[in-house]
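Asks: The structure under discussion is supplied below as structure tokens; questions concerning it will follow.
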Amino acid sequence: LEMRSWELPVPLVHGQVRRPDNSKHTAENRRPRKACQQILRAPLVLVLVLATLCLFRNALAGFMCGGAPLKGKRIALTKLLAGGVTPATATELELIVQQGGPVVVDFYATWCGPCQLMVPELAEVARRMDGRVSVLKVDTDDEPDISTELGIEALPTLLFFKDGSMEPVERIEGVVPRDMLEEIIKEKLLADEAI
């Protein structure tokens, strides 16, 4: 048998062959196309799910925090999970310190591994000291001016404030275990209180 060039088999995906005889494609020939479509659909579904989660995170955060949806504010997941630890801006930090109560401030960055280790430690200390000490977190990437002003050079850095002064009474750099952190708070910030 002799075949002309226009009659030669045309290779398809995965070694399948289609003959140029203008016959309809069989289900076998369509399978690779469907597999490719399914592979392409998976990232699309993921993007849609993530977009939906982003749209509803403020409403969810507002519901979980007992208020209306929070508009225009970035909500960190750690705020919802970390109990009494509150993310703060430079202005909020200054206002809370000026109120005169004892304040512990964790200067961190989202990309910092040791900073992530401090999240459960601070959450537990905030739970133990509930109402006696304000525990704040300040993202140094979002608030570079206050970080420079307070001399933050390493992450995580904990600053301890009391009596309304923006001059810290104690500074600790690095990860601190919860029991040690609680002792430092009692010694530096709560020593004047009746125990």
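Numbering starts fresh at 1 for the residues of each chain in the structure tokens, the chains themselves are lettered A, B, ... in the order given, and ligands are numbered from 1 as they appear.
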Report the residues of stretch 98-178 of chain A whose backbone DSSP state falls under strand (DSSP E or B), written as a CSV table (one decimal) with N, CA and C atoms, in the first residue's frame.

Replies:
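So part37.csv came out as:
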```csv
chain,number,residue,atom,x,y,z
A,103,VAL,N,2.4,48.0,79.5
A,103,VAL,CA,2.2,47.6,78.1
A,103,VAL,C,3.4,46.8,77.6
A,104,VAL,N,3.2,45.7,77.0
A,104,VAL,CA,4.2,44.9,76.4
A,104,VAL,C,4.0,45.0,74.9
A,105,VAL,N,5.1,45.3,74.1
A,105,VAL,CA,4.9,45.5,72.7
A,105,VAL,C,5.9,44.5,72.0
A,106,ASP,N,5.4,43.7,71.1
A,106,ASP,CA,6.2,42.8,70.3
A,106,ASP,C,6.4,43.4,68.9
A,107,PHE,N,7.6,43.8,68.6
A,107,PHE,CA,8.0,44.2,67.2
A,107,PHE,C,8.4,43.0,66.4
A,108,TYR,N,7.7,42.8,65.3
A,108,TYR,CA,7.8,41.6,64.5
A,108,TYR,C,7.7,41.9,63.0
A,134,SER,N,-1.5,45.3,78.8
A,134,SER,CA,-1.9,45.3,77.4
A,134,SER,C,-0.7,44.7,76.6
A,135,VAL,N,-1.1,43.8,75.7
A,135,VAL,CA,0.0,43.1,74.9
A,135,VAL,C,-0.3,43.5,73.4
A,136,LEU,N,0.6,44.2,72.8
A,136,LEU,CA,0.5,44.7,71.4
A,136,LEU,C,1.5,44.1,70.5
A,137,LYS,N,1.2,44.0,69.2
A,137,LYS,CA,2.1,43.6,68.2
A,137,LYS,C,2.2,44.7,67.1
A,138,VAL,N,3.4,45.1,66.8
A,138,VAL,CA,3.6,46.1,65.7
A,138,VAL,C,4.5,45.5,64.6
A,139,ASP,N,4.0,45.5,63.4
A,139,ASP,CA,4.7,45.0,62.3
A,139,ASP,C,5.7,46.1,61.8
A,157,THR,N,11.6,41.8,68.9
A,157,THR,CA,12.1,42.7,70.0
A,157,THR,C,10.8,43.0,70.9
A,158,LEU,N,11.0,42.7,72.2
A,158,LEU,CA,9.9,43.1,73.1
A,158,LEU,C,10.3,44.3,73.9
A,159,LEU,N,9.4,45.3,73.9
A,159,LEU,CA,9.6,46.5,74.7
A,159,LEU,C,8.5,46.5,75.8
A,160,PHE,N,8.9,47.0,77.0
A,160,PHE,CA,8.0,47.0,78.1
A,160,PHE,C,7.9,48.5,78.5
A,161,PHE,N,6.6,49.0,78.6
A,161,PHE,CA,6.4,50.4,78.9
A,161,PHE,C,5.5,50.4,80.2
A,170,GLU,N,12.2,48.2,79.8
A,170,GLU,CA,13.0,46.9,79.5
A,170,GLU,C,12.9,46.6,78.0
A,171,ARG,N,14.0,46.0,77.5
A,171,ARG,CA,14.0,45.6,76.1
A,171,ARG,C,14.6,44.2,76.1
A,172,ILE,N,14.0,43.3,75.3
A,172,ILE,CA,14.4,41.9,75.1
A,172,ILE,C,14.4,41.6,73.6
A,173,GLU,N,15.5,41.1,73.1
A,173,GLU,CA,15.6,40.7,71.7
A,173,GLU,C,15.6,39.2,71.6
```

Asks: Kindly give the distance, in Å, that separates atom CA of A:Ile146 and atom CA of A:Glu92, rounded to a single decimal.

Replies: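 Separating atom CA of A:Ile146 from atom CA of A:Glu92 is a distance of 11.2 Å.
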
Asks: Separation of atom CA of A:Asp130 and atom CA of A:Val176, in Å?

Replies: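 Rounded to one decimal, the two atoms are 18.8 Å apart.
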
Asks: Counting only C-alpha atoms, which residue out of A:Val119, A:Asp163, A:Asp179, A:Ala191 sits closest to A:Gly100?

Replies: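 Distance minimum relative to A:Gly100 lands on A:Asp163.
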
Asks: Select from stretch 83-125 of chain A everything DSSP, run on the backbone, classes as alpha helix (DSSP H), then give the selection as a PyMOL selection string.

Replies: chain A and resi 90-98+113-125

Asks: Given the selection you just returned, output its residues as a file containing C-alpha atoms, formatted as an mmCIF file, in the first residue's frame.

Replies:
```cif
data_model
loop_
_atom_site.group_PDB
_atom_site.id
_atom_site.type_symbol
_atom_site.label_atom_id
_atom_site.label_comp_id
_atom_site.auth_asym_id
_atom_site.auth_seq_id
_atom_site.Cartn_x
_atom_site.Cartn_y
_atom_site.Cartn_z
ATOM 1 C CA ALA A 90 2.338 53.509 65.628
ATOM 2 C CA THR A 91 -0.472 55.903 66.584
ATOM 3 C CA GLU A 92 -2.372 53.221 68.500
ATOM 4 C CA LEU A 93 0.835 52.212 70.287
ATOM 5 C CA GLU A 94 1.498 55.781 71.432
ATOM 6 C CA LEU A 95 -2.098 56.273 72.592
ATOM 7 C CA ILE A 96 -2.143 53.039 74.611
ATOM 8 C CA VAL A 97 1.259 53.720 76.212
ATOM 9 C CA GLN A 98 0.217 57.292 77.119
ATOM 10 C CA GLY A 113 10.620 32.761 61.661
ATOM 11 C CA PRO A 114 11.475 33.471 65.327
ATOM 12 C CA CYS A 115 8.658 36.057 65.386
ATOM 13 C CA GLN A 116 6.216 33.287 64.508
ATOM 14 C CA LEU A 117 7.532 31.277 67.470
ATOM 15 C CA MET A 118 6.576 34.175 69.764
ATOM 16 C CA VAL A 119 2.896 34.128 68.713
ATOM 17 C CA PRO A 120 1.798 31.272 71.035
ATOM 18 C CA GLU A 121 4.055 32.509 73.840
ATOM 19 C CA LEU A 122 2.552 36.010 73.747
ATOM 20 C CA ALA A 123 -0.961 34.623 73.425
ATOM 21 C CA GLU A 124 -0.537 32.540 76.576
ATOM 22 C CA VAL A 125 1.000 35.429 78.535
#
```

Asks: What does the distance between atom CA of A:Glu149 and atom CA of A:Arg127 come to in Å, to one decimal place?

Replies: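 About the pair atom CA of A:Glu149 and atom CA of A:Arg127: they are 29.2 Å apart.
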
Asks: For a quick check of understanding, using only C-alpha atoms, which of A:Ala88, A:Leu189, A:Leu181, A:Ile152 has the smallest distance to A:Val133?

Replies: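 Between A:Ala88, A:Leu189, A:Leu181, A:Ile152, the residue approaching A:Val133 most closely is A:Leu189.
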